[in-house]
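Below you'll find the structure, written out as structure tokens, and then a few comments.
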Amino acid sequence: MWRWWWLLLPAVAFGAEPRLQLALQNGQENQLLILSQNQQLAQQPLPATLTTPLGSVWKLLVYAYLVDTQHNEPDYLCDGSQPQEEVYCCEVGKKIARDRALVQSCSLYFSPERLQLDPQQWARYWQRQQTPGWLQDLTQLQPGTQVPVAQLLGVLAALPAQQQARNVLLDVLLPADGKLIGALGSRLRIKTWSWRDEQDPERRLGGFAGWLMDGTPLWGQAAGTSKTVLHNYANVLNSVLPQAQPVDPLGCVVVKMFDRYPIVAVRRSGEKTLIKPGVLQGKYQVEFSNGNHQVIESQGELFLRENAGQLILTARLEREEYVARVLQREAAAQPIEAAKALAVAIRTYLLQNATREGECLMISDSSASQRVAPSPATAAAREVAAWSADLVLAGATVNYHLDRAGTNRLSWQQAVSQAGQGVRYDAILAQAYPRANLGRWDRPEILCQPIPEAEAWLASRQKRWRETLDVQPGYEALRQFTVCRLLSGKPHVDRMYSRIYVRDFYSLQDRLDLAHEYLHLAFAAHPNGQDEEFVERLARYLLLE
């Protein structure tokens, strides 16, 4: 059941205020929402006459075709012949594969000419899918092709290979700066697009098309590029999008319940008769060898069996239900930002420590690992888990504790305190796991390759530079930082994670870059930190004079 809290206003002219048009399916109807950067302005049925340029969404349609037809095309090699296009693909001499090409919007990869797509085969394929005529015509697969938004939503709702595309497109929200994943979690699985306004060629339009995590199709458009549109409207999108639960039939977890407490009897609540092994439905009382009792509730996910005279209780849960039950048992669903942070840590711990049993993961319910609520998770715990579904940490071994923080160990009590101070979940995680970054479950990628020698050198130089830097307005010595190896682009800093990205450590230029970027972080709370001339001059003085 969808829940909508709309401020219903008549369709009026909104003047020059920036706004986002957001279309999505609500049951059997398509709705159009008008959003400012702060709130919803109006809601109405989606007009059949509203059209959109395909923009880069044509690449998503080719992607689905390639996956569903089991196409075996080669990776695209960036040879430097088309530098303006290859900037979205890869560096000269390197290759890009299909999934990454979709996320980075590499047009050259999906070019029908490169893929040698046959127009007649293409037409027959999409005719079988009963799609609109524009999708059956390969020549219409152009960014400037105008299509009805309602038809595009219909295509997305039935698009082949949708689950794989949704998994891959989570990466669109996962750039290193963390702004989108911090505001939206994993709720959107979208292909972004930018194009010129047909009525005003000097004006750019940007937007996205794709799904919520449960497969609900949606489309959005506003003035600007896709990047600026997402950043400008991320907070309001998070507030108006309906809650959706993840759909992943293979994401199952088998849990050995009460692993350290031998079970001697299981009875229905209020009854004396022992139950026989099998699937459990309803409320029960579990009796342990130490004399304790525990009330449990099952909706068919708990299974009692006997092995060598020992009663064993197992649960077969969907992955996000498992995360919600651990959150419920180990902590709470409030405060929300602390709960989001712990949900990511719980999911990461599962990924790092569970074993594989067939198509499912297997883990014990134990204080030595993660304790699991023996009853269905509350709605609040499920919403927290769903909001961050598929998000894990890469680059660190993850642990957590009720009240003891440590290296790569989140303290729940500290997270609660941070959330009370307005700290967002991704910043809470960054402080607990400084060398880790958010990634997706099926392909967590480490974005920081530490350079320990550079960190040690910079730590020693901090002491030597103290006399010079302490008198500078706005300077604050860094208590915690990480130096990461730069794989491409220019040296820079990530303020949220207190990271410095440099190419190397051994040459004079490398150390100048390191000192320069350190000063950007150390002066982050002062205008001097944005003054490139000041930072460069000071870095050279510290290192050379």
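The way I read the labels, and the way they are meant: chains A, B, ... in the order of the structure tokens, residue 1 as the first residue of every chain, and ligand 1 as the first ligand shown, with later ones counted on from there.
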
* Per DSSP on the backbone, what are the strand (DSSP E or B) residues of range 271-439 of chain A, as a PyMOL selection string? -> chain A and resi 274+278-288+293-307+310-318+355-357+360-365+370+391-394+399-401+406+409-411+437-439

Could you please take those selected residues and save C-alpha atoms as a PDB file, in the first residue's frame?
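Printed below is result05.pdb as written:
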ATOM      1  CA  LEU A 274       5.655 -29.974  22.687  1.00  0.00           C
ATOM      2  CA  GLY A 278       8.802 -28.543  10.957  1.00  0.00           C
ATOM      3  CA  VAL A 279       7.794 -25.083   9.757  1.00  0.00           C
ATOM      4  CA  LEU A 280       6.601 -22.745  12.509  1.00  0.00           C
ATOM      5  CA  GLN A 281       3.550 -20.490  12.150  1.00  0.00           C
ATOM      6  CA  GLY A 282       2.456 -18.260  15.036  1.00  0.00           C
ATOM      7  CA  LYS A 283       3.789 -17.529  18.523  1.00  0.00           C
ATOM      8  CA  TYR A 284       5.859 -20.021  20.520  1.00  0.00           C
ATOM      9  CA  GLN A 285       7.862 -20.302  23.715  1.00  0.00           C
ATOM     10  CA  VAL A 286      11.402 -21.666  23.486  1.00  0.00           C
ATOM     11  CA  GLU A 287      12.923 -23.310  26.595  1.00  0.00           C
ATOM     12  CA  PHE A 288      16.698 -23.502  27.006  1.00  0.00           C
ATOM     13  CA  HIS A 293      12.572 -18.932  28.174  1.00  0.00           C
ATOM     14  CA  GLN A 294      12.142 -16.841  25.029  1.00  0.00           C
ATOM     15  CA  VAL A 295       8.949 -15.938  23.168  1.00  0.00           C
ATOM     16  CA  ILE A 296       9.301 -16.111  19.389  1.00  0.00           C
ATOM     17  CA  GLU A 297       6.981 -15.441  16.461  1.00  0.00           C
ATOM     18  CA  SER A 298       7.133 -16.935  12.985  1.00  0.00           C
ATOM     19  CA  GLN A 299       5.328 -16.290   9.721  1.00  0.00           C
ATOM     20  CA  GLY A 300       6.755 -19.407   8.131  1.00  0.00           C
ATOM     21  CA  GLU A 301      10.391 -18.281   8.121  1.00  0.00           C
ATOM     22  CA  LEU A 302      11.402 -20.295  11.229  1.00  0.00           C
ATOM     23  CA  PHE A 303      12.067 -24.035  10.994  1.00  0.00           C
ATOM     24  CA  LEU A 304      12.561 -26.483  13.851  1.00  0.00           C
ATOM     25  CA  ARG A 305      14.523 -29.687  13.291  1.00  0.00           C
ATOM     26  CA  GLU A 306      16.162 -32.356  15.399  1.00  0.00           C
ATOM     27  CA  ASN A 307      19.736 -33.543  14.898  1.00  0.00           C
ATOM     28  CA  GLN A 310      19.461 -31.749  19.706  1.00  0.00           C
ATOM     29  CA  LEU A 311      16.722 -29.284  18.722  1.00  0.00           C
ATOM     30  CA  ILE A 312      17.913 -26.704  16.212  1.00  0.00           C
ATOM     31  CA  LEU A 313      15.960 -23.603  15.228  1.00  0.00           C
ATOM     32  CA  THR A 314      16.835 -21.872  11.951  1.00  0.00           C
ATOM     33  CA  ALA A 315      15.427 -18.845  10.155  1.00  0.00           C
ATOM     34  CA  ARG A 316      15.426 -18.264   6.400  1.00  0.00           C
ATOM     35  CA  LEU A 317      15.198 -14.511   5.878  1.00  0.00           C
ATOM     36  CA  GLU A 318      15.459 -12.076   3.026  1.00  0.00           C
ATOM     37  CA  THR A 355      29.462 -18.449   4.759  1.00  0.00           C
ATOM     38  CA  ARG A 356      27.639 -19.650   1.662  1.00  0.00           C
ATOM     39  CA  GLU A 357      24.973 -22.360   1.824  1.00  0.00           C
ATOM     40  CA  CYS A 360      21.860 -18.256   0.655  1.00  0.00           C
ATOM     41  CA  LEU A 361      24.338 -16.876   3.143  1.00  0.00           C
ATOM     42  CA  MET A 362      24.621 -18.623   6.512  1.00  0.00           C
ATOM     43  CA  ILE A 363      25.444 -16.995   9.855  1.00  0.00           C
ATOM     44  CA  SER A 364      24.836 -17.711  13.529  1.00  0.00           C
ATOM     45  CA  ASP A 365      22.631 -15.701  15.882  1.00  0.00           C
ATOM     46  CA  GLN A 370      25.260 -10.545  15.321  1.00  0.00           C
ATOM     47  CA  LEU A 391      24.913  -0.349   0.689  1.00  0.00           C
ATOM     48  CA  VAL A 392      28.055  -1.755   2.333  1.00  0.00           C
ATOM     49  CA  LEU A 393      31.470  -0.443   3.346  1.00  0.00           C
ATOM     50  CA  ALA A 394      34.549  -1.319   1.316  1.00  0.00           C
ATOM     51  CA  ASN A 399      32.863  -4.205  13.712  1.00  0.00           C
ATOM     52  CA  TYR A 400      30.591  -2.341  16.126  1.00  0.00           C
ATOM     53  CA  HIS A 401      29.876  -2.224  19.859  1.00  0.00           C
ATOM     54  CA  GLY A 406      37.890   1.743  18.308  1.00  0.00           C
ATOM     55  CA  ARG A 409      34.603  -0.196  15.291  1.00  0.00           C
ATOM     56  CA  LEU A 410      31.469   1.927  15.492  1.00  0.00           C
ATOM     57  CA  SER A 411      30.083   2.749  18.927  1.00  0.00           C
ATOM     58  CA  ASN A 437      33.850   4.063   1.558  1.00  0.00           C
ATOM     59  CA  LEU A 438      30.272   3.221   0.667  1.00  0.00           C
ATOM     60  CA  GLY A 439      29.811   0.715  -2.132  1.00  0.00           C
TER      61      GLY A 439
END

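Residues in contact with range 138-155 of chain A at up to 7 Å, not including ones fewer than 6 positions away on its chain and judged by only C-alpha atoms, are Ala48, Thr49, Leu50, Thr51, Thr52, Pro53, Leu54, Gly55, Ser56, Trp58, Pro119, Trp122, Thr131, Pro217 and Leu218 of chain A.
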
_Let me make sure I understand: among A:Leu108, A:Gln462, A:Leu180, A:Ala354, which one has the smallest atom-to-atom distance to Lys95 in chain A if we use only C-alpha atoms?_
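Closest to Lys95 in chain A, using only C-alpha atoms: A:Leu108.
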
Point out the residue among A:Gln44, A:Thr407, A:Gln328, A:Asn292 with the least atom-to-atom distance to Ala373 in chain A, counting only C-alpha atoms.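 Looking only at the distances to Ala373 in chain A, the closest residue turns out to be A:Gln328.
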
| said: Write out as an NGL selection string the set of residues from range 214-331 of chain A that DSSP, computed on the backbone, places in helix (DSSP H, G or I). | reply: :A and (226-240 or 319-330)

Would you write out those residues with N, CA and C atoms, as a PDB file, in the first residue's frame?
ATOM      1  N   SER A 226      22.119  17.037 -15.560  1.00  0.00           N
ATOM      2  CA  SER A 226      21.653  15.968 -14.676  1.00  0.00           C
ATOM      3  C   SER A 226      22.353  16.039 -13.317  1.00  0.00           C
ATOM      4  N   LYS A 227      23.624  16.395 -13.311  1.00  0.00           N
ATOM      5  CA  LYS A 227      24.369  16.468 -12.049  1.00  0.00           C
ATOM      6  C   LYS A 227      23.806  17.551 -11.146  1.00  0.00           C
ATOM      7  N   THR A 228      23.576  18.740 -11.695  1.00  0.00           N
ATOM      8  CA  THR A 228      23.062  19.830 -10.859  1.00  0.00           C
ATOM      9  C   THR A 228      21.629  19.553 -10.428  1.00  0.00           C
ATOM     10  N   VAL A 229      20.831  18.935 -11.299  1.00  0.00           N
ATOM     11  CA  VAL A 229      19.444  18.633 -10.936  1.00  0.00           C
ATOM     12  C   VAL A 229      19.405  17.692  -9.737  1.00  0.00           C
ATOM     13  N   LEU A 230      20.181  16.629  -9.771  1.00  0.00           N
ATOM     14  CA  LEU A 230      20.173  15.680  -8.663  1.00  0.00           C
ATOM     15  C   LEU A 230      20.652  16.326  -7.365  1.00  0.00           C
ATOM     16  N   HIS A 231      21.711  17.104  -7.451  1.00  0.00           N
ATOM     17  CA  HIS A 231      22.233  17.739  -6.238  1.00  0.00           C
ATOM     18  C   HIS A 231      21.253  18.776  -5.683  1.00  0.00           C
ATOM     19  N   ASN A 232      20.595  19.532  -6.570  1.00  0.00           N
ATOM     20  CA  ASN A 232      19.681  20.581  -6.117  1.00  0.00           C
ATOM     21  C   ASN A 232      18.412  20.020  -5.481  1.00  0.00           C
ATOM     22  N   TYR A 233      17.960  18.856  -5.959  1.00  0.00           N
ATOM     23  CA  TYR A 233      16.661  18.336  -5.517  1.00  0.00           C
ATOM     24  C   TYR A 233      16.775  17.063  -4.683  1.00  0.00           C
ATOM     25  N   ALA A 234      17.981  16.676  -4.287  1.00  0.00           N
ATOM     26  CA  ALA A 234      18.146  15.413  -3.556  1.00  0.00           C
ATOM     27  C   ALA A 234      17.339  15.393  -2.264  1.00  0.00           C
ATOM     28  N   ASN A 235      17.384  16.465  -1.494  1.00  0.00           N
ATOM     29  CA  ASN A 235      16.696  16.466  -0.197  1.00  0.00           C
ATOM     30  C   ASN A 235      15.178  16.406  -0.342  1.00  0.00           C
ATOM     31  N   VAL A 236      14.624  17.152  -1.297  1.00  0.00           N
ATOM     32  CA  VAL A 236      13.174  17.119  -1.456  1.00  0.00           C
ATOM     33  C   VAL A 236      12.737  15.773  -2.039  1.00  0.00           C
ATOM     34  N   LEU A 237      13.538  15.184  -2.916  1.00  0.00           N
ATOM     35  CA  LEU A 237      13.215  13.856  -3.424  1.00  0.00           C
ATOM     36  C   LEU A 237      13.154  12.846  -2.285  1.00  0.00           C
ATOM     37  N   ASN A 238      14.106  12.925  -1.389  1.00  0.00           N
ATOM     38  CA  ASN A 238      14.118  11.997  -0.261  1.00  0.00           C
ATOM     39  C   ASN A 238      12.869  12.149   0.595  1.00  0.00           C
ATOM     40  N   SER A 239      12.341  13.359   0.675  1.00  0.00           N
ATOM     41  CA  SER A 239      11.182  13.598   1.531  1.00  0.00           C
ATOM     42  C   SER A 239       9.858  13.205   0.875  1.00  0.00           C
ATOM     43  N   VAL A 240       9.777  13.202  -0.459  1.00  0.00           N
ATOM     44  CA  VAL A 240       8.490  12.931  -1.104  1.00  0.00           C
ATOM     45  C   VAL A 240       8.388  11.546  -1.726  1.00  0.00           C
ATOM     46  N   ARG A 319      17.521 -10.825   2.845  1.00  0.00           N
ATOM     47  CA  ARG A 319      18.699 -10.139   3.385  1.00  0.00           C
ATOM     48  C   ARG A 319      18.338  -8.873   4.157  1.00  0.00           C
ATOM     49  N   GLU A 320      17.454  -8.039   3.611  1.00  0.00           N
ATOM     50  CA  GLU A 320      17.147  -6.784   4.285  1.00  0.00           C
ATOM     51  C   GLU A 320      16.262  -7.000   5.517  1.00  0.00           C
ATOM     52  N   GLU A 321      15.485  -8.080   5.546  1.00  0.00           N
ATOM     53  CA  GLU A 321      14.767  -8.439   6.772  1.00  0.00           C
ATOM     54  C   GLU A 321      15.772  -8.836   7.849  1.00  0.00           C
ATOM     55  N   TYR A 322      16.827  -9.553   7.441  1.00  0.00           N
ATOM     56  CA  TYR A 322      17.887  -9.899   8.385  1.00  0.00           C
ATOM     57  C   TYR A 322      18.521  -8.635   8.967  1.00  0.00           C
ATOM     58  N   VAL A 323      18.863  -7.670   8.115  1.00  0.00           N
ATOM     59  CA  VAL A 323      19.466  -6.422   8.585  1.00  0.00           C
ATOM     60  C   VAL A 323      18.528  -5.728   9.568  1.00  0.00           C
ATOM     61  N   ALA A 324      17.233  -5.675   9.244  1.00  0.00           N
ATOM     62  CA  ALA A 324      16.261  -5.007  10.109  1.00  0.00           C
ATOM     63  C   ALA A 324      16.143  -5.715  11.459  1.00  0.00           C
ATOM     64  N   ARG A 325      16.176  -7.051  11.464  1.00  0.00           N
ATOM     65  CA  ARG A 325      16.056  -7.788  12.727  1.00  0.00           C
ATOM     66  C   ARG A 325      17.291  -7.607  13.610  1.00  0.00           C
ATOM     67  N   VAL A 326      18.461  -7.552  12.995  1.00  0.00           N
ATOM     68  CA  VAL A 326      19.674  -7.314  13.790  1.00  0.00           C
ATOM     69  C   VAL A 326      19.640  -5.901  14.363  1.00  0.00           C
ATOM     70  N   LEU A 327      19.247  -4.929  13.547  1.00  0.00           N
ATOM     71  CA  LEU A 327      19.128  -3.556  14.039  1.00  0.00           C
ATOM     72  C   LEU A 327      18.169  -3.494  15.223  1.00  0.00           C
ATOM     73  N   GLN A 328      17.060  -4.185  15.111  1.00  0.00           N
ATOM     74  CA  GLN A 328      16.050  -4.191  16.170  1.00  0.00           C
ATOM     75  C   GLN A 328      16.590  -4.852  17.441  1.00  0.00           C
ATOM     76  N   ARG A 329      17.367  -5.924  17.285  1.00  0.00           N
ATOM     77  CA  ARG A 329      17.887  -6.675  18.442  1.00  0.00           C
ATOM     78  C   ARG A 329      19.093  -5.992  19.066  1.00  0.00           C
ATOM     79  N   GLU A 330      19.993  -5.441  18.250  1.00  0.00           N
ATOM     80  CA  GLU A 330      21.239  -4.877  18.756  1.00  0.00           C
ATOM     81  C   GLU A 330      21.107  -3.429  19.207  1.00  0.00           C
TER      82      GLU A 330
END
